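Q: Sharing structure-v4.pdb, PDB, C-alpha atoms and all ligand atoms:
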```
ATOM      1  CA  MET A   1     -40.577 -63.918  17.808  1.00  0.00           C
ATOM      2  CA  PRO A   2     -37.530 -62.094  19.068  1.00  0.00           C
ATOM      3  CA  GLY A   3     -38.391 -58.919  20.911  1.00  0.00           C
ATOM      4  CA  ALA A   4     -42.064 -59.837  21.260  1.00  0.00           C
ATOM      5  CA  ARG A   5     -43.577 -59.138  24.634  1.00  0.00           C
ATOM      6  CA  SER A   6     -44.526 -62.309  26.387  1.00  0.00           C
ATOM      7  CA  PRO A   7     -47.606 -62.020  28.606  1.00  0.00           C
ATOM      8  CA  VAL A   8     -45.562 -62.937  31.651  1.00  0.00           C
ATOM      9  CA  ARG A   9     -42.629 -60.621  31.879  1.00  0.00           C
ATOM     10  CA  ALA A  10     -39.819 -60.601  34.353  1.00  0.00           C
ATOM     11  CA  ILE A  11     -40.058 -57.875  36.961  1.00  0.00           C
ATOM     12  CA  GLU A  12     -37.262 -55.527  37.830  1.00  0.00           C
ATOM     13  CA  PHE A  13     -37.680 -53.941  41.233  1.00  0.00           C
ATOM     14  CA  VAL A  14     -36.531 -50.435  41.951  1.00  0.00           C
ATOM     15  CA  ILE A  15     -36.662 -49.222  45.546  1.00  0.00           C
ATOM     16  CA  THR A  16     -36.271 -45.547  46.358  1.00  0.00           C
ATOM     17  CA  CYS A  17     -36.247 -43.337  49.435  1.00  0.00           C
ATOM     18  CA  GLU A  18     -36.559 -39.611  48.817  1.00  0.00           C
ATOM     19  CA  HIS A  19     -36.761 -38.551  52.476  1.00  0.00           C
ATOM     20  CA  GLY A  20     -34.135 -40.855  53.931  1.00  0.00           C
ATOM     21  CA  GLY A  21     -32.283 -38.396  56.171  1.00  0.00           C
ATOM     22  CA  HIS A  22     -32.051 -34.870  57.523  1.00  0.00           C
ATOM     23  CA  ARG A  23     -28.524 -33.997  56.502  1.00  0.00           C
ATOM     24  CA  ILE A  24     -27.715 -30.447  55.459  1.00  0.00           C
ATOM     25  CA  PRO A  25     -24.451 -30.287  53.487  1.00  0.00           C
ATOM     26  CA  ALA A  26     -21.912 -27.753  54.848  1.00  0.00           C
ATOM     27  CA  PRO A  27     -22.443 -24.908  52.336  1.00  0.00           C
ATOM     28  CA  TYR A  28     -26.124 -24.665  53.318  1.00  0.00           C
ATOM     29  CA  ARG A  29     -25.897 -25.112  57.086  1.00  0.00           C
ATOM     30  CA  LYS A  30     -26.069 -21.422  57.795  1.00  0.00           C
ATOM     31  CA  PHE A  31     -29.698 -21.418  56.632  1.00  0.00           C
ATOM     32  CA  PHE A  32     -30.617 -24.058  59.215  1.00  0.00           C
ATOM     33  CA  ARG A  33     -28.957 -22.651  62.346  1.00  0.00           C
ATOM     34  CA  GLY A  34     -31.026 -23.452  65.399  1.00  0.00           C
ATOM     35  CA  ALA A  35     -33.241 -25.769  63.350  1.00  0.00           C
ATOM     36  CA  ASP A  36     -31.959 -29.120  64.627  1.00  0.00           C
ATOM     37  CA  LYS A  37     -35.320 -30.015  66.131  1.00  0.00           C
ATOM     38  CA  LEU A  38     -37.161 -29.134  62.950  1.00  0.00           C
ATOM     39  CA  LEU A  39     -34.722 -31.148  60.847  1.00  0.00           C
ATOM     40  CA  ALA A  40     -35.087 -34.189  63.099  1.00  0.00           C
ATOM     41  CA  SER A  41     -38.897 -33.962  62.980  1.00  0.00           C
ATOM     42  CA  HIS A  42     -41.252 -35.449  60.395  1.00  0.00           C
ATOM     43  CA  ARG A  43     -40.864 -32.230  58.454  1.00  0.00           C
ATOM     44  CA  GLY A  44     -37.153 -32.837  57.985  1.00  0.00           C
ATOM     45  CA  TYR A  45     -37.231 -36.484  56.962  1.00  0.00           C
ATOM     46  CA  ASP A  46     -39.159 -39.763  57.065  1.00  0.00           C
ATOM     47  CA  ARG A  47     -38.049 -41.615  60.153  1.00  0.00           C
ATOM     48  CA  GLY A  48     -37.503 -45.299  59.462  1.00  0.00           C
ATOM     49  CA  ALA A  49     -38.116 -45.038  55.720  1.00  0.00           C
ATOM     50  CA  LEU A  50     -34.518 -45.667  54.686  1.00  0.00           C
ATOM     51  CA  GLN A  51     -34.237 -48.725  56.915  1.00  0.00           C
ATOM     52  CA  MET A  52     -37.420 -50.080  55.367  1.00  0.00           C
ATOM     53  CA  ALA A  53     -36.155 -49.296  51.845  1.00  0.00           C
ATOM     54  CA  ARG A  54     -32.869 -51.093  52.587  1.00  0.00           C
ATOM     55  CA  ASP A  55     -34.710 -54.178  53.831  1.00  0.00           C
ATOM     56  CA  PHE A  56     -36.937 -54.261  50.748  1.00  0.00           C
ATOM     57  CA  ALA A  57     -33.978 -53.823  48.403  1.00  0.00           C
ATOM     58  CA  ARG A  58     -32.066 -56.624  50.099  1.00  0.00           C
ATOM     59  CA  ALA A  59     -35.036 -58.991  50.145  1.00  0.00           C
ATOM     60  CA  LEU A  60     -35.886 -58.381  46.496  1.00  0.00           C
ATOM     61  CA  GLY A  61     -32.342 -58.114  45.162  1.00  0.00           C
ATOM     62  CA  ALA A  62     -33.301 -54.649  43.941  1.00  0.00           C
ATOM     63  CA  THR A  63     -31.514 -51.436  43.171  1.00  0.00           C
ATOM     64  CA  LEU A  64     -31.860 -48.866  45.932  1.00  0.00           C
ATOM     65  CA  LEU A  65     -31.756 -45.166  45.198  1.00  0.00           C
ATOM     66  CA  HIS A  66     -31.912 -42.893  48.185  1.00  0.00           C
ATOM     67  CA  THR A  67     -30.891 -39.574  49.590  1.00  0.00           C
ATOM     68  CA  THR A  68     -30.041 -38.503  53.125  1.00  0.00           C
ATOM     69  CA  VAL A  69     -30.202 -34.786  52.332  1.00  0.00           C
ATOM     70  CA  SER A  70     -33.176 -33.206  54.099  1.00  0.00           C
ATOM     71  CA  ARG A  71     -36.352 -32.500  52.176  1.00  0.00           C
ATOM     72  CA  LEU A  72     -36.216 -29.054  53.780  1.00  0.00           C
ATOM     73  CA  LEU A  73     -33.188 -28.248  51.643  1.00  0.00           C
ATOM     74  CA  VAL A  74     -34.560 -29.728  48.451  1.00  0.00           C
ATOM     75  CA  GLU A  75     -37.690 -31.830  48.099  1.00  0.00           C
ATOM     76  CA  LEU A  76     -37.146 -34.772  45.758  1.00  0.00           C
ATOM     77  CA  ASN A  77     -40.766 -35.914  45.842  1.00  0.00           C
ATOM     78  CA  ARG A  78     -42.242 -32.800  44.236  1.00  0.00           C
ATOM     79  CA  SER A  79     -42.074 -31.620  40.668  1.00  0.00           C
ATOM     80  CA  ILE A  80     -39.916 -28.620  39.850  1.00  0.00           C
ATOM     81  CA  GLY A  81     -41.776 -25.397  40.531  1.00  0.00           C
ATOM     82  CA  HIS A  82     -44.116 -26.935  43.111  1.00  0.00           C
ATOM     83  CA  ARG A  83     -44.691 -24.570  46.038  1.00  0.00           C
ATOM     84  CA  GLN A  84     -43.443 -27.211  48.497  1.00  0.00           C
ATOM     85  CA  GLY A  85     -40.199 -27.730  46.598  1.00  0.00           C
ATOM     86  CA  PHE A  86     -38.109 -25.614  48.950  1.00  0.00           C
ATOM     87  CA  SER A  87     -38.477 -24.400  52.515  1.00  0.00           C
ATOM     88  CA  SER A  88     -38.583 -20.643  53.026  1.00  0.00           C
ATOM     89  CA  ARG A  89     -35.173 -20.893  54.728  1.00  0.00           C
ATOM     90  CA  VAL A  90     -33.476 -21.563  51.423  1.00  0.00           C
ATOM     91  CA  PRO A  91     -32.843 -18.392  49.390  1.00  0.00           C
ATOM     92  CA  LYS A  92     -34.441 -18.386  45.953  1.00  0.00           C
ATOM     93  CA  ALA A  93     -31.063 -17.635  44.381  1.00  0.00           C
ATOM     94  CA  LEU A  94     -29.913 -21.121  45.393  1.00  0.00           C
ATOM     95  CA  HIS A  95     -32.856 -23.084  44.055  1.00  0.00           C
ATOM     96  CA  ALA A  96     -31.344 -23.720  40.622  1.00  0.00           C
ATOM     97  CA  GLN A  97     -28.052 -24.853  42.167  1.00  0.00           C
ATOM     98  CA  LEU A  98     -29.812 -27.255  44.544  1.00  0.00           C
ATOM     99  CA  LEU A  99     -31.869 -28.713  41.731  1.00  0.00           C
ATOM    100  CA  ARG A 100     -28.704 -29.250  39.716  1.00  0.00           C
ATOM    101  CA  ARG A 101     -26.780 -30.808  42.596  1.00  0.00           C
ATOM    102  CA  TYR A 102     -29.368 -33.043  44.188  1.00  0.00           C
ATOM    103  CA  TYR A 103     -32.687 -33.188  42.392  1.00  0.00           C
ATOM    104  CA  GLU A 104     -31.748 -33.623  38.758  1.00  0.00           C
ATOM    105  CA  PRO A 105     -29.073 -36.323  39.241  1.00  0.00           C
ATOM    106  CA  TYR A 106     -31.514 -38.343  41.382  1.00  0.00           C
ATOM    107  CA  ARG A 107     -34.316 -38.075  38.847  1.00  0.00           C
ATOM    108  CA  ARG A 108     -31.985 -38.805  35.941  1.00  0.00           C
ATOM    109  CA  ARG A 109     -30.524 -41.889  37.608  1.00  0.00           C
ATOM    110  CA  LEU A 110     -33.956 -43.254  38.428  1.00  0.00           C
ATOM    111  CA  GLU A 111     -35.400 -42.574  34.992  1.00  0.00           C
ATOM    112  CA  ALA A 112     -32.359 -44.115  33.300  1.00  0.00           C
ATOM    113  CA  ARG A 113     -32.729 -47.182  35.474  1.00  0.00           C
ATOM    114  CA  VAL A 114     -36.405 -47.615  34.618  1.00  0.00           C
ATOM    115  CA  ALA A 115     -35.817 -46.922  30.911  1.00  0.00           C
ATOM    116  CA  ALA A 116     -32.976 -49.453  30.727  1.00  0.00           C
ATOM    117  CA  ALA A 117     -35.095 -52.166  32.342  1.00  0.00           C
ATOM    118  CA  VAL A 118     -38.028 -51.469  30.010  1.00  0.00           C
ATOM    119  CA  ARG A 119     -35.677 -51.602  27.011  1.00  0.00           C
ATOM    120  CA  ARG A 120     -34.593 -55.053  28.157  1.00  0.00           C
ATOM    121  CA  GLY A 121     -38.226 -56.140  28.102  1.00  0.00           C
ATOM    122  CA  LYS A 122     -38.719 -56.060  31.869  1.00  0.00           C
ATOM    123  CA  ARG A 123     -41.587 -54.497  33.663  1.00  0.00           C
ATOM    124  CA  VAL A 124     -40.559 -52.218  36.481  1.00  0.00           C
ATOM    125  CA  VAL A 125     -42.150 -52.287  39.901  1.00  0.00           C
ATOM    126  CA  HIS A 126     -41.034 -49.194  41.767  1.00  0.00           C
ATOM    127  CA  LEU A 127     -41.602 -48.904  45.491  1.00  0.00           C
ATOM    128  CA  SER A 128     -40.974 -45.474  46.929  1.00  0.00           C
ATOM    129  CA  CYS A 129     -40.554 -45.811  50.709  1.00  0.00           C
ATOM    130  CA  HIS A 130     -41.925 -43.171  53.085  1.00  0.00           C
ATOM    131  CA  SER A 131     -43.245 -42.737  56.596  1.00  0.00           C
ATOM    132  CA  PHE A 132     -45.883 -40.436  58.054  1.00  0.00           C
ATOM    133  CA  THR A 133     -46.304 -38.793  61.413  1.00  0.00           C
ATOM    134  CA  PRO A 134     -49.013 -40.388  63.629  1.00  0.00           C
ATOM    135  CA  ARG A 135     -50.548 -36.959  64.320  1.00  0.00           C
ATOM    136  CA  LEU A 136     -50.718 -34.039  61.956  1.00  0.00           C
ATOM    137  CA  ALA A 137     -52.157 -30.674  63.006  1.00  0.00           C
ATOM    138  CA  GLY A 138     -53.844 -32.323  66.008  1.00  0.00           C
ATOM    139  CA  VAL A 139     -55.474 -35.061  63.937  1.00  0.00           C
ATOM    140  CA  GLN A 140     -54.654 -38.683  64.682  1.00  0.00           C
ATOM    141  CA  ARG A 141     -54.016 -40.718  61.539  1.00  0.00           C
ATOM    142  CA  ARG A 142     -56.033 -43.918  61.520  1.00  0.00           C
ATOM    143  CA  ALA A 143     -53.776 -46.343  59.733  1.00  0.00           C
ATOM    144  CA  ASP A 144     -50.530 -48.205  60.232  1.00  0.00           C
ATOM    145  CA  VAL A 145     -49.681 -48.374  56.555  1.00  0.00           C
ATOM    146  CA  GLY A 146     -50.681 -46.425  53.464  1.00  0.00           C
ATOM    147  CA  LEU A 147     -50.461 -47.787  49.926  1.00  0.00           C
ATOM    148  CA  LEU A 148     -50.436 -44.933  47.435  1.00  0.00           C
ATOM    149  CA  TYR A 149     -51.046 -45.428  43.736  1.00  0.00           C
ATOM    150  CA  ASP A 150     -52.947 -44.064  40.778  1.00  0.00           C
ATOM    151  CA  PRO A 151     -56.366 -45.801  40.606  1.00  0.00           C
ATOM    152  CA  ARG A 152     -56.377 -45.299  36.829  1.00  0.00           C
ATOM    153  CA  ARG A 153     -53.378 -47.646  36.503  1.00  0.00           C
ATOM    154  CA  ARG A 154     -54.790 -51.152  36.566  1.00  0.00           C
ATOM    155  CA  GLY A 155     -51.548 -52.852  37.569  1.00  0.00           C
ATOM    156  CA  GLU A 156     -50.984 -50.528  40.517  1.00  0.00           C
ATOM    157  CA  ARG A 157     -54.539 -50.907  41.689  1.00  0.00           C
ATOM    158  CA  ALA A 158     -54.433 -54.708  41.464  1.00  0.00           C
ATOM    159  CA  LEU A 159     -51.157 -54.858  43.370  1.00  0.00           C
ATOM    160  CA  CYS A 160     -52.341 -52.558  46.155  1.00  0.00           C
ATOM    161  CA  VAL A 161     -55.749 -54.236  46.495  1.00  0.00           C
ATOM    162  CA  ALA A 162     -53.994 -57.616  46.835  1.00  0.00           C
ATOM    163  CA  TRP A 163     -51.422 -56.192  49.241  1.00  0.00           C
ATOM    164  CA  GLN A 164     -54.095 -54.637  51.452  1.00  0.00           C
ATOM    165  CA  LYS A 165     -56.028 -57.926  51.530  1.00  0.00           C
ATOM    166  CA  LEU A 166     -52.961 -59.890  52.546  1.00  0.00           C
ATOM    167  CA  LEU A 167     -52.163 -57.387  55.267  1.00  0.00           C
ATOM    168  CA  ALA A 168     -55.753 -57.633  56.521  1.00  0.00           C
ATOM    169  CA  ARG A 169     -55.446 -61.433  56.580  1.00  0.00           C
ATOM    170  CA  ASP A 170     -52.186 -61.180  58.525  1.00  0.00           C
ATOM    171  CA  GLY A 171     -54.063 -58.964  60.955  1.00  0.00           C
ATOM    172  CA  THR A 172     -51.159 -57.146  62.600  1.00  0.00           C
ATOM    173  CA  LEU A 173     -51.242 -53.957  60.530  1.00  0.00           C
ATOM    174  CA  GLN A 174     -54.119 -51.808  59.380  1.00  0.00           C
ATOM    175  CA  ALA A 175     -53.483 -50.748  55.803  1.00  0.00           C
ATOM    176  CA  ARG A 176     -55.420 -48.193  53.819  1.00  0.00           C
ATOM    177  CA  ARG A 177     -55.208 -47.355  50.152  1.00  0.00           C
ATOM    178  CA  ASN A 178     -54.397 -43.823  49.029  1.00  0.00           C
ATOM    179  CA  TYR A 179     -54.156 -42.691  52.640  1.00  0.00           C
ATOM    180  CA  PRO A 180     -52.917 -40.383  54.184  1.00  0.00           C
ATOM    181  CA  TYR A 181     -52.319 -38.954  50.698  1.00  0.00           C
ATOM    182  CA  ARG A 182     -53.534 -39.651  47.217  1.00  0.00           C
ATOM    183  CA  GLY A 183     -51.043 -41.503  45.048  1.00  0.00           C
ATOM    184  CA  SER A 184     -52.014 -39.501  42.002  1.00  0.00           C
ATOM    185  CA  GLY A 185     -50.935 -36.176  43.544  1.00  0.00           C
ATOM    186  CA  ASP A 186     -47.746 -34.353  42.647  1.00  0.00           C
ATOM    187  CA  GLY A 187     -44.658 -36.474  43.188  1.00  0.00           C
ATOM    188  CA  LEU A 188     -42.015 -38.780  41.871  1.00  0.00           C
ATOM    189  CA  THR A 189     -44.221 -41.740  40.891  1.00  0.00           C
ATOM    190  CA  THR A 190     -46.705 -39.385  39.218  1.00  0.00           C
ATOM    191  CA  ASP A 191     -43.884 -37.938  37.107  1.00  0.00           C
ATOM    192  CA  LEU A 192     -42.677 -41.406  36.134  1.00  0.00           C
ATOM    193  CA  ARG A 193     -46.196 -42.426  35.103  1.00  0.00           C
ATOM    194  CA  LYS A 194     -46.117 -39.623  32.553  1.00  0.00           C
ATOM    195  CA  ARG A 195     -42.945 -41.070  31.050  1.00  0.00           C
ATOM    196  CA  PHE A 196     -43.716 -44.785  31.191  1.00  0.00           C
ATOM    197  CA  ALA A 197     -46.857 -46.663  30.221  1.00  0.00           C
ATOM    198  CA  GLY A 198     -48.859 -48.706  32.710  1.00  0.00           C
ATOM    199  CA  HIS A 199     -47.715 -52.018  31.242  1.00  0.00           C
ATOM    200  CA  ASP A 200     -44.044 -51.044  31.694  1.00  0.00           C
ATOM    201  CA  TYR A 201     -44.091 -49.164  34.971  1.00  0.00           C
ATOM    202  CA  THR A 202     -45.897 -49.783  38.264  1.00  0.00           C
ATOM    203  CA  GLY A 203     -45.227 -47.119  40.861  1.00  0.00           C
ATOM    204  CA  VAL A 204     -46.371 -47.437  44.475  1.00  0.00           C
ATOM    205  CA  GLU A 205     -45.562 -45.270  47.459  1.00  0.00           C
ATOM    206  CA  LEU A 206     -45.417 -47.199  50.697  1.00  0.00           C
ATOM    207  CA  GLU A 207     -46.155 -45.045  53.731  1.00  0.00           C
ATOM    208  CA  VAL A 208     -45.598 -46.479  57.186  1.00  0.00           C
ATOM    209  CA  ASN A 209     -46.722 -44.865  60.440  1.00  0.00           C
ATOM    210  CA  GLN A 210     -43.745 -43.401  62.313  1.00  0.00           C
ATOM    211  CA  LYS A 211     -45.014 -44.851  65.576  1.00  0.00           C
ATOM    212  CA  PHE A 212     -43.245 -48.090  64.569  1.00  0.00           C
ATOM    213  CA  PRO A 213     -39.710 -46.801  64.053  1.00  0.00           C
ATOM    214  CA  ARG A 214     -40.294 -44.687  67.177  1.00  0.00           C
ATOM    215  CA  ALA A 215     -41.241 -47.723  69.217  1.00  0.00           C
ATOM    216  CA  GLY A 216     -37.887 -49.233  68.344  1.00  0.00           C
ATOM    217  CA  SER A 217     -36.331 -52.493  67.465  1.00  0.00           C
ATOM    218  CA  ALA A 218     -38.362 -55.703  67.816  1.00  0.00           C
ATOM    219  CA  ARG A 219     -41.802 -54.519  66.745  1.00  0.00           C
ATOM    220  CA  TRP A 220     -40.412 -52.313  64.001  1.00  0.00           C
ATOM    221  CA  ARG A 221     -38.397 -55.251  62.639  1.00  0.00           C
ATOM    222  CA  ARG A 222     -41.547 -57.411  62.616  1.00  0.00           C
ATOM    223  CA  VAL A 223     -43.467 -54.689  60.775  1.00  0.00           C
ATOM    224  CA  ARG A 224     -40.800 -54.511  58.063  1.00  0.00           C
ATOM    225  CA  ARG A 225     -40.763 -58.287  57.735  1.00  0.00           C
ATOM    226  CA  THR A 226     -44.561 -58.431  57.431  1.00  0.00           C
ATOM    227  CA  LEU A 227     -44.573 -55.701  54.775  1.00  0.00           C
ATOM    228  CA  ILE A 228     -41.965 -57.494  52.688  1.00  0.00           C
ATOM    229  CA  ALA A 229     -43.649 -60.898  52.950  1.00  0.00           C
ATOM    230  CA  THR A 230     -47.088 -59.544  52.055  1.00  0.00           C
ATOM    231  CA  PHE A 231     -45.680 -57.454  49.201  1.00  0.00           C
ATOM    232  CA  ALA A 232     -44.040 -60.522  47.679  1.00  0.00           C
ATOM    233  CA  ALA A 233     -47.253 -62.520  48.058  1.00  0.00           C
ATOM    234  CA  ALA A 234     -49.303 -59.660  46.557  1.00  0.00           C
ATOM    235  CA  LEU A 235     -47.065 -59.661  43.475  1.00  0.00           C
ATOM    236  CA  ASP A 236     -47.818 -63.333  43.029  1.00  0.00           C
ATOM    237  CA  ALA A 237     -51.533 -62.807  43.561  1.00  0.00           C
ATOM    238  CA  ALA A 238     -51.928 -59.771  41.297  1.00  0.00           C
ATOM    239  CA  THR A 239     -51.115 -59.503  37.652  1.00  0.00           C
ATOM    240  CA  VAL A 240     -49.113 -56.335  37.827  1.00  0.00           C
TER     241      VAL A 240
HETATM  242 ZN    ZN A 301     -41.784 -39.097  52.445  1.00  0.00          ZN
END
```
What does the file become when written as structure tokens?
Ligand SMILES: [Zn+2]
A:
Amino acid sequence: MPGARSPVRAIEFVITCEHGGHRIPAPYRKFFRGADKLLASHRGYDRGALQMARDFARALGATLLHTTVSRLLVELNRSIGHRQGFSSRVPKALHAQLLRRYYEPYRRRLEARVAAAVRRGKRVVHLSCHSFTPRLAGVQRRADVGLLYDPRRRGERALCVAWQKLLARDGTLQARRNYPYRGSGDGLTTDLRKRFAGHDYTGVELEVNQKFPRAGSARWRRVRRTLIATFAAALDAATV
């Protein structure tokens, strides 16, 4: 029957990176004078996340949406009105302008992309690439990789359970689910889940420990390769 949903549907991958850089565009630089160290820290961006997102997009033949504007100027992984949406350095009077310039176009492009794929009968697997600092507020994080998802979404859960198992079998990276954050908290994938049903949209945030991009080339390259290989195998293993 034309238009009927077959049980096995083609997947369209969408890779995103909301914290890909720590750039402050010229009109806003005055608010970040003397803040170079802050911008280059884990509070300004996710070190290594964009490189990882690029590798995933290339390996999967996927669309990549990313920004290199610092999260301290405008936070793309929070919903509008969230208290962490803007740093205190940014005057309130500019919030609407920043949302219009950076936040809304990003969200619109991503949503349009997902909607178009769903209309074509595809199911979308969205991987939002992030990294986390090894120590936060004096506490050492006990994982190399975090897989964040909403446990109420069966497809996301199945994918992340399979992915974690394959990473455990590989043995080089310790992966935890919904760590160091919960995948169902405020954020981009949570917003998309409200717009798209579980059988059309699978949203996972991949969090990698920043000790890898810090350590530099060879090991970090191996980590990215392992993550991509196990992700692909997890998709085969799980009915997402
Ligand atoms: Zn992030």
Q: Find the residues around Met52 of chain A up to 10 Å (all atoms listed in the file counted), leave out those fewer than 5 positions away in its own chain, and share them as JSON, numbers by chain.
A: {"A": [15, 17, 20, 47, 57, 58, 129, 130, 131, 206, 208, 213, 220, 221, 223, 224, 225, 227, 228]}
Q: Considering all atoms listed in the file, state which residue in the set A:Arg113, A:His199, A:His42, A:Lys122 is at the smallest distance from ligand ZN 301 (chain A).
A: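 That would be A:His42, the residue with the smallest distance to ligand ZN 301 (chain A).
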Q: Report as a PyMOL selection string the full result of the PyMOL selection byres (((chain A and resi 145-158) around 8) and not hetatm) when it is applied to this structure.
A: chain A and resi 143-144+159-162+164+173-184+190+198-199+202-209+238-240
Q: What gap, in Å, lies between atom CA of Ala40 of chain A and atom CA of His22 of chain A?
A: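 Straight-line distance from atom CA of Ala40 of chain A to atom CA of His22 of chain A works out to 6.4 Å.
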Q: Record the distance separating atom CA of Pro25 of chain A and atom CA of Lys37 of chain A, expressed in Å with one decimal.
A: 16.7 Å
Q: Which one of A:Leu72, A:Glu18, A:Arg9, A:Ser217 sits closest to Ala35 of chain A if you count all atoms listed in the file?
A: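 With all atoms listed in the file as the atom set, the closest residue is A:Leu72.
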Q: Which distance in Å separates atom CA of Pro91 of chain A and atom CA of Arg29 of chain A, to one decimal?
A: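 Value for the atom CA of Pro91 of chain A-atom CA of Arg29 of chain A distance: 12.4 Å.
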Q: Between A:Arg71, A:Arg54, A:Arg33, A:Lys92, which has the minimum distance to ligand ZN 301 (chain A) (counting only C-alpha atoms and all ligand atoms)?
A: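 Comparing A:Arg71, A:Arg54, A:Arg33, A:Lys92 against ligand ZN 301 (chain A), the winner is A:Arg71.
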Q: Find the residue from A:Leu167, A:Ala234, A:Ile80, A:Leu50 that sits nearest to ligand ZN 301 (chain A); use all atoms listed in the file when measuring.
A: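 The closest residue to ligand ZN 301 (chain A) is A:Leu50.
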Q: Identify the residues around (-24.2, -19.2, 52.9) within a radius of 10 Å, measuring from only C-alpha atoms in the coordinates stated by the file, and give them as a list of chain:residue names.
A: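 Every polymer residue passing the test: A:Ala26, A:Pro27, A:Tyr28, A:Arg29, A:Lys30, A:Phe31, A:Val90, A:Pro91, A:Leu94.
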Q: I need the residue nearest Arg123 of chain A from this list: A:Thr68, A:Asp46, A:Gly34, A:Asp200. Use only C-alpha atoms for the distance.
A: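 Result for the nearest residue to Arg123 of chain A: A:Asp200.
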Q: For Asp191 of chain A, which residue among A:Gly48, A:Arg119, A:Leu76, A:Leu39 is the nearest when counting all atoms listed in the file?
A: A:Leu76
Q: Output, as AutoDock Vina command-line options, the centre and edge lengths in Å (one decimal) of the axis-aligned box that contains all listed atoms of segment 152-165 of chain A with 5 Å of margin on each side.
A:
```
--center_x -53.7 --center_y -51.6 --center_z 44.0 --size_x 15.4 --size_y 22.6 --size_z 25.0
```
Q: Name the residues within 12 Å of (-37.3, -38.7, 40.1), counting all atoms listed in the file in the file's coordinates, and put them as number ranges by chain.
A: A: 14-18, 65-67, 75-80, 99, 102-114, 126, 128, 186-195, 203
